[in-house]
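Here's the structure, in structure tokens; my notes come after.
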Amino acid sequence: MTIARVIVDVPSRETDRPFDYSVPDSLRDWVEVGSRVAVPFAGRTLQGIVVALPGDAEVELSRLKAVSDVLDAVPPLSEELVKLGEWMSRRWLCPLTVAFQAMLPAALKGRTEKYVSVADDAVFSDEELAEAGALLHALRKDSATQAKLSALLTKFQGSGAHLKRWLKQGRLIERQKVENRLSVKTVLTVFPRDADTLGAGKADIPARARKQREVIEWLEEHPEPIALQELAEAAGTTASTIRSLEERGLLEIRGVTEDRDPYADRDFPVSSPLPLTPAQATALEPIASAIDAKDRKVFLLHGVTGSGKTEIYLQAIQQALSLGREAIVLVPEIALTPQMVERFKSRFGARVAVLHSRLSQGERFDEWRKIREGRAQVAVGARSAVFAPFSNIGLIVIDEEHETSYKQEESPKYHARDVAIERARLSGAAVVLGSATPSLETYEAALSGRAGPDIPHYISLPERVADRPLPGVTIVDMREELKLGNRAMFSRELADALRDRLAKGEQTVLLLNRRGYATFVMCRSCGHTVQCPHCDISLTHHKGSGNMRCHYCGYAETEPKTCPACQSPHIRFFGTGTQKVEESLAHTFPGIRVIRMDVDTTSEKGSHEKWLTEFRERRADVLLGTQMVAKGLDFPYVTLVGVLAADAALRLPDFRAAERTFQLLTQVAGRAGRHELPGEVIIQTYDPEHSSVASVQGHDYAKFTEQELFIRSQLGYPPYGRLIALTFSHESVPMLLSVGQRFASGLKAKAAELGLASTELDVLGPVPSPIPRLKDRYRFQCMVKYRGELAASALVAGVLQGMGEAVKKSGVLTSVDVDPQMML
Ligand SMILES: Nc1ncnc2c1ncn2[C@@H]1O[C@H](COP(=O)(O)OP(=O)(O)OP(=O)(O)O)[C@@H](O)[C@H]1O
Ligand SMILES: [Zn+2]
């Protein structure tokens with residue numbers, strides 16, 4: 001008997017273990033590790049993933065329930081991805097099914113209806129195909145049909161094993177289940193018979209069926225398959241006329257799967273590899289040899305902005321492809337601009353699949369299928385593209401590896417960098433982590449001198465290509481400006497520089513650093529701020545709608561005319577939003593053409609692309625925006641970069657605030673002077689001495705890092721120590737406190753039992769979370785600080801398990817974040 005070990009899709013700790021099922025004979029050929037199956041579970045039918053096909057079951061065979069169905073022709077997960085999921089579940093303490101769900105395209109989830117289609121390039125004769133097709137339609141009905149089909153196909157192909165392989169590659173027969181047309185797009189297509197059949201058939205058509213005859217004549221001139229609708233239009237007739245020709249056996253109408261290609265209407269100019277500069281060639285060499293040797297190595301490619309890192313990625317990918325292997329390129333969601341995609345599409349054409357959240361669900365599913373079916377060998381995408389269903393990966397590139405968007409903030413709270421390194425270990429691939437400002441974790445590891453397969457090899461590109469200089473950086477102290485009576489948003493330096501660019505017809509990028517700089521509403525008479533009634537957080541003002549909204553729960557109310565607390569009319573909107581900067585620009589520089597890019601102007605599909613094209617074509621003087629203007633842009637006429645409120649995020653209660661600020665400023669500075677025209681950067685700040693601002697001036701990553709690493713080592717923060725954040729939430733504070741304290745003392749007792757000193761493992765809290773109430777639930781947190789070598793996750797999991805019943809009864813929700821990136 002075949003036994004399938006299944007993880008059911010119920011994301012709870014109680015069901016987070018495998019359950020064994022028997023596999024009925026009719027399904028045996030379809031069940032593999034990674035298959036999606038339907039199984040009976042506690043009186044319901046649930047979906048699950050097969051994680052093993054063990055020789056023996058854990059329970060008595062007679063008590064096993066049977067798998068009720070297999071949900072895909074080709075398993076959506078591979079053995080490698082199943083292993084990766086198991087690792088993720090241990091690493092980030094999430095139920096295994098949650099890890100699996102993160103790997104599956106949304107279009108697959110919950111699909112239950114079935115259909116069967118026969119692929120176009122089948123090697124069967126027409127009659128055989130018809131018979132096989134009919135059998136396939138009946139396939140699910142009974143095992144006798146299944147057996148007959150098996151015999152039939154075996155006859156055609158010589159052997160069952162052979163057949164099965166064909167089945168899996170989806171080339172002969174694809175069996176899929178879909179709930180509706182959303183999952184795959186099929187187009188009814190007409191396949192005409194050969195010329196002789198058509199000629200003979202035409203003679204038999206009665207004279208009154210003139211239209212039918214015309215269709216045949218048209219097909220005799222155009223013998224290629226054609227969409228039914230198109231044929232009807234071309235021949236000036238209806239679909240039903242064409243269907244009657246099918247009944248006469250002169251043609252066949254079949255559904256053909258068509259890709260929804262998000263880039264179908266785009267032309268990508270073909271690009272060939274650039275001759276590398278000596279520095280680039282030296283950098284590529286060890287990466288290429290690791291790919292050659294199937295040597296699993298991790299590289300840190302530390303190259304200043306404009307040093308030509310992307311060209312190195314492209315040539316390393318080329319290397320992997322030439323060896324018949326595949327490549328994954330991760331880029332931050334925000335940098336997935338058309339410009340970035342174009343560089344990969346131009347080099348590798350149709351072999352590139354693109355995966356990101358701005359595609360429709362259907363487009364994403366089709367891109368995913370291209371990968372799984374081997375029609376694409378390069379996946380370019382955001383975080384979740386690390387799960388691209390390739391089978392022979394040679395290279396994983398993570399561009400801007402320091403970016404926070406690689407960490408998922410919902411469960412599974414994984415970091416794509418860590419997942420990539422583990423996936424590379426499973427598949428023998430090389431990993432390239434690229435950045436101008438590597439995360440301190442990666443940088444410290446690379447330079448630590450420690451040995452080990454996960455320790456990155458350090459590669460440095462300290463200069464821009466073609467001897468282009470890095471732009472000069474001026475830091476303007478806004479306190480001085482104020483003293484001199486300048487109350488405007490722009491310092492005199494920045495205003496002069498802007499005026500100069502306007503006169504010369506050159507372009508400017510303006511960054512408004514807005515993280516943690518909400519546009520909240522405050523009364524100037526009494527100091528009252530307008531808060532969300534469900535969350536302890538200020539409401540954010542949206543000028544367009546005249547609304548104030550909570551960014552956490554979506555609560556909205558109209559803006560007040562007078563202060564709700566003291567009735568004073570002097571209630572005003574604080575904080576500088578991009579809208580305000582836009583107004584100020586128009587006021588200060590009459591006639592200036594500004595493109596504003598922020599969440600409000602880019603929510604529509606394709607809007608990103610529209611704005612950037614407009615800017616590239618120099619139909620605007622200034623590109624003004626939030627973080628999204630800082631990354632990946634490469635425009636020849638940008639010679640000025642201005643930063644407003646450089647230090648806005650420095651005051652956030654997060655130990656990475658300085659690192660983030662330095663990275664953002666360096667990134668945006670790097671947008672200036674990337675081509676022939678030299679660039680200049682002006683940074684406005686109230687905190688010019690802060691090292692994260694000051695070090696940008698000399699493009700001095702090393703100096704900034706040295707100071708920052710010293711601070712981290714003093715405080716035991718990453719990379720010198722590691723953290724696990726636990727957030728407990730409930731409607732009642734005393735309940736929270738008691739659960740939080742039970743956890744903290746439980747873990748401390750465990751540490752004492754193991755003889756661990758507090759420098760090796762420490763628990764801080766429970767204390768109220770930085771956002772102490774969300775959606776009417778209070779929040780408390782505990783922070784576990786520990787030395788990296790310790791398996792602290794497992795200890796935490798053990799303590800939580802131990803308090804299981806008590807916590808469950810109390811209704812307290814616990815969320816665990818291993819290696820948290822956001823401290824809010
Ligand atoms: N070998 C080369 N010869 C000529 N031009 C090159 C070469 N390599 C890169 N370039 C050009 O130099 C510019 C910067 O290169 P690229 O964008 O690859 O740098 P990068 O390090 O990835 O940049 P960033 O990290 O700042 O986005 C681009 O316009 C690119 O086309
Ligand atoms: Zn709220």
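Ligands are numbered from 1 in the order shown, chains are lettered A, B, ... in the order of the structure tokens, and residues start at 1 in each chain.
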Report as a PyMOL selection string which protein, DNA and RNA residues come within 8 Å of ligand 1, using only C-alpha atoms and all ligand atoms.
chain A and resi 274-277+280+303-312+400+435-436+464-466+631-634+667+670-671+674-675
Chain A residues near ligand 2 within 6 Å, closest pair each, using only C-alpha atoms and all ligand atoms, as CSV:
```
residue,atom,partner,partner_atom_place_in_ligand_line,distance
A:Cys532,CA,ligand 2,1 (Zn),4.8
A:His534,CA,ligand 2,1 (Zn),4.8
A:Cys535,CA,ligand 2,1 (Zn),4.3
A:Cys550,CA,ligand 2,1 (Zn),4.6
A:Tyr552,CA,ligand 2,1 (Zn),5.1
A:Cys553,CA,ligand 2,1 (Zn),4.1
A:Tyr555,CA,ligand 2,1 (Zn),5.4
A:Lys775,CA,ligand 2,1 (Zn),5.8
```
Take the residues from that selection and write them out as a tab-separated table (two decimals), in the first residue's frame, keeping C-alpha atoms.
```tsv
chain	number	residue	atom	x	y	z
A	532	CYS	CA	-7.55	56.45	16.07
A	534	HIS	CA	-9.15	51.69	18.10
A	535	CYS	CA	-5.37	51.99	17.95
A	550	CYS	CA	-5.63	55.10	10.49
A	552	TYR	CA	-3.24	50.24	10.78
A	553	CYS	CA	-6.98	49.45	10.86
A	555	TYR	CA	-10.62	53.69	10.34
A	775	LYS	CA	-7.75	47.25	16.67
```
Test item: residues at most 9 Å from Phe743 in chain A, only C-alpha atoms, excluding those fewer than 3 positions along its chain, as a ChimeraX atom specification
/A:738-740,746-748,766,782,796,799-800,803
So which one's closest to Val8 in chain A, A:Arg44, A:Arg450, A:His699, A:Arg28? Using only C-alpha atoms, please.
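Looking only at the distances to Val8 in chain A, the closest residue turns out to be A:Arg44.
Shell of Glu79 in chain A at 8 Å, with only C-alpha atoms counted and residues fewer than 6 places along the chain excluded, is A:Val33, A:Gly34, A:Val51.
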Store the residues of this selection in a file with N, CA and C atoms, as a PDB file, in the first residue's frame.
```pdb
ATOM      1  N   VAL A  33       6.005  13.592  -3.479  1.00  0.00           N
ATOM      2  CA  VAL A  33       6.344  14.593  -2.479  1.00  0.00           C
ATOM      3  C   VAL A  33       6.157  15.961  -3.141  1.00  0.00           C
ATOM      4  N   GLY A  34       5.379  16.825  -2.509  1.00  0.00           N
ATOM      5  CA  GLY A  34       5.094  18.135  -3.094  1.00  0.00           C
ATOM      6  C   GLY A  34       3.722  18.213  -3.742  1.00  0.00           C
ATOM      7  N   VAL A  51       4.348  15.464   2.171  1.00  0.00           N
ATOM      8  CA  VAL A  51       5.737  15.763   2.528  1.00  0.00           C
ATOM      9  C   VAL A  51       6.617  14.523   2.491  1.00  0.00           C
TER      10      VAL A  51
END
```
Using only C-alpha atoms, determine which residues lie at most 12 Å from Arg619 in chain A, disregarding the query and same-chain residues fewer than 4 positions distant; provide the list as a PyMOL selection string.
chain A and resi 505-507+592-595+610-615+623+637
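Each of A:Asp467, A:Asp496, A:Glu326, A:Glu583 was compared to Arg596 in chain A using only C-alpha atoms, and A:Glu583 turns out to be the nearest.
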Could you name the residues that touch Pro24 in chain A at 12 Å or less, counting only C-alpha atoms, but leaving out those on the same chain fewer than 4 positions away, as an NGL selection string?
:A and (1-4 or 28-31 or 39 or 64-70 or 142-143 or 146)
Would you mind exporting N, CA and C atoms of the selected residues as a PDB file, in the first residue's frame?
```
ATOM      1  N   MET A   1       0.843  -1.192   0.000  1.00  0.00           N
ATOM      2  CA  MET A   1       0.000   0.000   0.000  1.00  0.00           C
ATOM      3  C   MET A   1       0.882   1.247   0.000  1.00  0.00           C
ATOM      4  N   THR A   2       0.498   2.234  -0.805  1.00  0.00           N
ATOM      5  CA  THR A   2       1.244   3.489  -0.787  1.00  0.00           C
ATOM      6  C   THR A   2       0.679   4.382   0.313  1.00  0.00           C
ATOM      7  N   ILE A   3       1.580   4.954   1.076  1.00  0.00           N
ATOM      8  CA  ILE A   3       1.157   5.835   2.165  1.00  0.00           C
ATOM      9  C   ILE A   3       1.673   7.236   1.900  1.00  0.00           C
ATOM     10  N   ALA A   4       0.808   8.212   2.083  1.00  0.00           N
ATOM     11  CA  ALA A   4       1.221   9.610   1.906  1.00  0.00           C
ATOM     12  C   ALA A   4       1.194  10.305   3.255  1.00  0.00           C
ATOM     13  N   ARG A  28      -2.284   6.502  -7.466  1.00  0.00           N
ATOM     14  CA  ARG A  28      -0.905   6.220  -7.101  1.00  0.00           C
ATOM     15  C   ARG A  28       0.115   6.934  -8.004  1.00  0.00           C
ATOM     16  N   ASP A  29      -0.170   6.957  -9.295  1.00  0.00           N
ATOM     17  CA  ASP A  29       0.797   7.564 -10.223  1.00  0.00           C
ATOM     18  C   ASP A  29       0.886   9.072 -10.088  1.00  0.00           C
ATOM     19  N   TRP A  30      -0.065   9.646  -9.406  1.00  0.00           N
ATOM     20  CA  TRP A  30      -0.121  11.108  -9.365  1.00  0.00           C
ATOM     21  C   TRP A  30       0.422  11.694  -8.073  1.00  0.00           C
ATOM     22  N   VAL A  31       0.615  10.850  -7.083  1.00  0.00           N
ATOM     23  CA  VAL A  31       1.012  11.375  -5.771  1.00  0.00           C
ATOM     24  C   VAL A  31       2.525  11.362  -5.629  1.00  0.00           C
ATOM     25  N   VAL A  39      -7.868  15.693   1.450  1.00  0.00           N
ATOM     26  CA  VAL A  39      -7.934  14.579   2.403  1.00  0.00           C
ATOM     27  C   VAL A  39      -9.085  14.802   3.383  1.00  0.00           C
ATOM     28  N   LEU A  64      -6.167   3.787   8.563  1.00  0.00           N
ATOM     29  CA  LEU A  64      -5.816   4.918   7.691  1.00  0.00           C
ATOM     30  C   LEU A  64      -7.000   5.346   6.844  1.00  0.00           C
ATOM     31  N   LYS A  65      -7.199   6.640   6.731  1.00  0.00           N
ATOM     32  CA  LYS A  65      -8.158   7.145   5.764  1.00  0.00           C
ATOM     33  C   LYS A  65      -7.427   7.327   4.431  1.00  0.00           C
ATOM     34  N   ALA A  66      -8.208   7.416   3.352  1.00  0.00           N
ATOM     35  CA  ALA A  66      -7.588   7.500   2.023  1.00  0.00           C
ATOM     36  C   ALA A  66      -7.562   8.940   1.521  1.00  0.00           C
ATOM     37  N   VAL A  67      -6.519   9.246   0.776  1.00  0.00           N
ATOM     38  CA  VAL A  67      -6.455  10.525   0.054  1.00  0.00           C
ATOM     39  C   VAL A  67      -7.653  10.569  -0.874  1.00  0.00           C
ATOM     40  N   SER A  68      -8.428  11.674  -0.856  1.00  0.00           N
ATOM     41  CA  SER A  68      -9.598  11.663  -1.739  1.00  0.00           C
ATOM     42  C   SER A  68      -9.302  12.181  -3.133  1.00  0.00           C
ATOM     43  N   ASP A  69      -8.274  12.992  -3.287  1.00  0.00           N
ATOM     44  CA  ASP A  69      -8.007  13.499  -4.629  1.00  0.00           C
ATOM     45  C   ASP A  69      -6.611  14.113  -4.709  1.00  0.00           C
ATOM     46  N   VAL A  70      -6.117  14.158  -5.928  1.00  0.00           N
ATOM     47  CA  VAL A  70      -4.880  14.885  -6.193  1.00  0.00           C
ATOM     48  C   VAL A  70      -5.280  16.131  -6.963  1.00  0.00           C
ATOM     49  N   ASP A 142     -13.873   6.661 -12.390  1.00  0.00           N
ATOM     50  CA  ASP A 142     -13.671   5.360 -11.741  1.00  0.00           C
ATOM     51  C   ASP A 142     -12.293   4.815 -12.045  1.00  0.00           C
ATOM     52  N   SER A 143     -11.899   3.843 -11.283  1.00  0.00           N
ATOM     53  CA  SER A 143     -10.545   3.340 -11.430  1.00  0.00           C
ATOM     54  C   SER A 143     -10.439   2.430 -12.652  1.00  0.00           C
ATOM     55  N   GLN A 146      -9.407   4.604 -15.396  1.00  0.00           N
ATOM     56  CA  GLN A 146      -8.013   4.931 -15.140  1.00  0.00           C
ATOM     57  C   GLN A 146      -7.100   3.808 -15.651  1.00  0.00           C
TER      58      GLN A 146
END
```
What is the CA of Cys563 in chain A-CA of Pro533 in chain A distance in Å, reported with one decimal?
15.9 Å
I need the residue nearest Val329 in chain A from this list: A:Val696, A:Ile393, A:Val270, A:Ala385. Use only C-alpha atoms for the distance.
A:Ala385
Measure the distance from CA of Thr437 in chain A to CA of Ile724 in chain A in Å and round it to one decimal.
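Rounded to one decimal, the two atoms are 24.7 Å apart.
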In Å, rounded to a single decimal, give me how far CA of Gln361 in chain A is from CA of Glu604 in chain A.
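Pair CA of Glu604 in chain A / CA of Gln361 in chain A returns 15.4 Å.
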Would you please give, as an mmCIF file with C-alpha atoms, in the first residue's frame, all residues of range 626-806 of chain A that DSSP assigns to alpha helix (DSSP H) based on the backbone?
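Contents of out.cif, freshly written:
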```
data_model
loop_
_atom_site.group_PDB
_atom_site.id
_atom_site.type_symbol
_atom_site.label_atom_id
_atom_site.label_comp_id
_atom_site.auth_asym_id
_atom_site.auth_seq_id
_atom_site.Cartn_x
_atom_site.Cartn_y
_atom_site.Cartn_z
ATOM 1 C CA ALA A 657 17.333 53.729 12.485
ATOM 2 C CA ALA A 658 20.846 55.075 11.832
ATOM 3 C CA GLU A 659 21.726 52.240 9.463
ATOM 4 C CA ARG A 660 18.509 52.725 7.477
ATOM 5 C CA THR A 661 19.054 56.458 7.217
ATOM 6 C CA PHE A 662 22.604 56.031 5.961
ATOM 7 C CA GLN A 663 21.506 53.426 3.410
ATOM 8 C CA LEU A 664 18.660 55.544 2.090
ATOM 9 C CA LEU A 665 20.769 58.677 1.768
ATOM 10 C CA THR A 666 23.583 56.819 0.011
ATOM 11 C CA GLN A 667 21.123 55.166 -2.379
ATOM 12 C CA VAL A 668 19.422 58.372 -3.386
ATOM 13 C CA ALA A 669 22.708 60.229 -3.676
ATOM 14 C CA SER A 691 27.234 59.909 11.639
ATOM 15 C CA SER A 692 24.530 58.459 9.408
ATOM 16 C CA VAL A 693 24.157 61.866 7.751
ATOM 17 C CA ALA A 694 27.759 63.066 7.981
ATOM 18 C CA SER A 695 29.276 59.853 6.530
ATOM 19 C CA VAL A 696 27.256 60.225 3.346
ATOM 20 C CA GLN A 697 29.368 63.261 2.522
ATOM 21 C CA TYR A 701 30.565 53.358 4.291
ATOM 22 C CA ALA A 702 33.559 52.057 6.222
ATOM 23 C CA LYS A 703 33.597 54.938 8.677
ATOM 24 C CA PHE A 704 29.879 54.813 9.315
ATOM 25 C CA THR A 705 30.001 51.073 9.787
ATOM 26 C CA GLU A 706 32.895 51.144 12.183
ATOM 27 C CA GLN A 707 31.067 53.519 14.532
ATOM 28 C CA GLU A 708 27.774 51.739 14.196
ATOM 29 C CA LEU A 709 29.280 48.293 14.771
ATOM 30 C CA PHE A 710 30.939 49.588 17.915
ATOM 31 C CA ILE A 711 27.585 50.760 19.280
ATOM 32 C CA ARG A 712 25.952 47.461 18.388
ATOM 33 C CA SER A 713 28.658 45.457 20.097
ATOM 34 C CA GLN A 714 28.283 47.544 23.267
ATOM 35 C CA LEU A 715 24.553 46.885 23.343
ATOM 36 C CA VAL A 733 -4.139 44.376 30.274
ATOM 37 C CA PRO A 734 -3.884 42.261 33.465
ATOM 38 C CA MET A 735 -4.370 39.098 31.430
ATOM 39 C CA LEU A 736 -1.591 40.182 29.084
ATOM 40 C CA LEU A 737 0.767 40.973 31.903
ATOM 41 C CA SER A 738 0.249 37.628 33.511
ATOM 42 C CA VAL A 739 0.830 35.709 30.282
ATOM 43 C CA GLY A 740 3.863 37.850 29.413
ATOM 44 C CA GLN A 741 5.343 37.303 32.853
ATOM 45 C CA ARG A 742 4.724 33.588 32.709
ATOM 46 C CA PHE A 743 6.596 33.437 29.431
ATOM 47 C CA ALA A 744 9.504 35.530 30.679
ATOM 48 C CA SER A 745 9.935 33.593 33.901
ATOM 49 C CA GLY A 746 9.482 30.309 32.057
ATOM 50 C CA LEU A 747 12.289 31.127 29.653
ATOM 51 C CA LYS A 748 14.532 32.416 32.448
ATOM 52 C CA ALA A 749 14.008 29.211 34.382
ATOM 53 C CA LYS A 750 14.879 27.214 31.286
ATOM 54 C CA ALA A 751 18.059 29.262 30.784
ATOM 55 C CA ALA A 752 19.051 28.737 34.424
ATOM 56 C CA GLU A 753 18.453 25.015 34.057
ATOM 57 C CA ALA A 792 17.080 29.987 21.108
ATOM 58 C CA SER A 793 14.094 29.559 18.763
ATOM 59 C CA ALA A 794 13.692 26.011 19.925
ATOM 60 C CA LEU A 795 13.860 27.109 23.578
ATOM 61 C CA VAL A 796 11.216 29.772 22.988
ATOM 62 C CA ALA A 797 9.031 27.275 21.149
ATOM 63 C CA GLY A 798 9.400 24.853 24.054
ATOM 64 C CA VAL A 799 8.370 27.430 26.645
ATOM 65 C CA LEU A 800 5.362 28.516 24.554
ATOM 66 C CA GLN A 801 4.360 24.888 24.104
ATOM 67 C CA GLY A 802 4.576 24.395 27.859
ATOM 68 C CA GLY A 804 -0.205 25.935 25.750
ATOM 69 C CA GLU A 805 -3.454 25.265 27.584
ATOM 70 C CA ALA A 806 -3.271 28.288 29.845
#
```
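Counting only C-alpha atoms and comparing A:Ser584, A:Thr404, A:Thr639, A:Ser448, the residue that lies closest to Arg487 in chain A is A:Ser584.
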Choose the residue, out of A:Arg423, A:Ile7, A:Val818, A:Ala264, that has the smallest atom-to-atom separation from Trp87 in chain A; count only C-alpha atoms.
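Looking only at the distances to Trp87 in chain A, the closest residue turns out to be A:Arg423.
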Non-local contacts of Met88 in chain A (10 Å; only C-alpha atoms; under 5 positions in same chain excluded) as a compact mmCIF listing (two decimals) with N, CA and C atoms, in the first residue's frame:
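Just written: selection.txt:
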```
# COMPACT_ATOMS: atom_id res chain seq x y z
N VAL A 82 9.78 21.44 -0.44
CA VAL A 82 9.22 20.86 0.79
C VAL A 82 10.26 20.91 1.90
N LYS A 83 11.49 20.55 1.57
CA LYS A 83 12.57 20.61 2.57
C LYS A 83 12.79 22.04 3.04
N LEU A 93 9.65 29.61 13.45
CA LEU A 93 8.60 29.13 14.35
C LEU A 93 7.20 29.36 13.79
N CYS A 94 6.98 28.87 12.57
CA CYS A 94 5.63 28.98 12.02
C CYS A 94 5.14 27.58 11.66
N PRO A 95 3.82 27.36 11.68
CA PRO A 95 3.31 26.07 11.23
C PRO A 95 3.80 25.79 9.81
N LEU A 96 4.07 24.52 9.53
CA LEU A 96 4.64 24.15 8.23
C LEU A 96 3.72 24.57 7.08
N VAL A 98 1.93 27.09 6.83
CA VAL A 98 2.06 28.53 6.57
C VAL A 98 3.27 28.77 5.66
N ALA A 99 4.33 28.02 5.89
CA ALA A 99 5.52 28.13 5.02
C ALA A 99 5.16 27.67 3.60
N PHE A 100 4.43 26.57 3.48
CA PHE A 100 4.06 26.08 2.15
C PHE A 100 3.18 27.10 1.42
N PRO A 412 4.52 33.51 7.28
CA PRO A 412 5.83 33.24 7.88
C PRO A 412 6.72 34.48 7.80
N LYS A 413 7.28 34.85 8.94
CA LYS A 413 8.07 36.08 8.99
C LYS A 413 9.49 35.80 8.51
N TYR A 414 9.59 35.36 7.28
CA TYR A 414 10.90 34.93 6.77
C TYR A 414 11.69 36.09 6.20
N HIS A 415 13.00 35.91 6.11
CA HIS A 415 13.86 36.84 5.41
C HIS A 415 14.35 36.16 4.14
N ASP A 418 18.01 34.84 3.95
CA ASP A 418 18.30 33.58 4.63
C ASP A 418 17.71 32.40 3.85
N VAL A 419 16.50 32.60 3.32
CA VAL A 419 15.87 31.52 2.55
C VAL A 419 16.72 31.21 1.31
N GLU A 422 19.73 29.13 2.21
CA GLU A 422 19.37 27.74 2.49
C GLU A 422 18.98 27.01 1.21
```
Among range 289-477 of chain A, which residues does DSSP mark as strand (DSSP E) when it is run on the backbone? Keep the chain and numbering as in the structure and answer as a VMD selection string.
chain A and resid 298 to 303 326 to 330 352 to 355 378 to 381 393 to 399 430 to 435 457 to 461 472 to 477
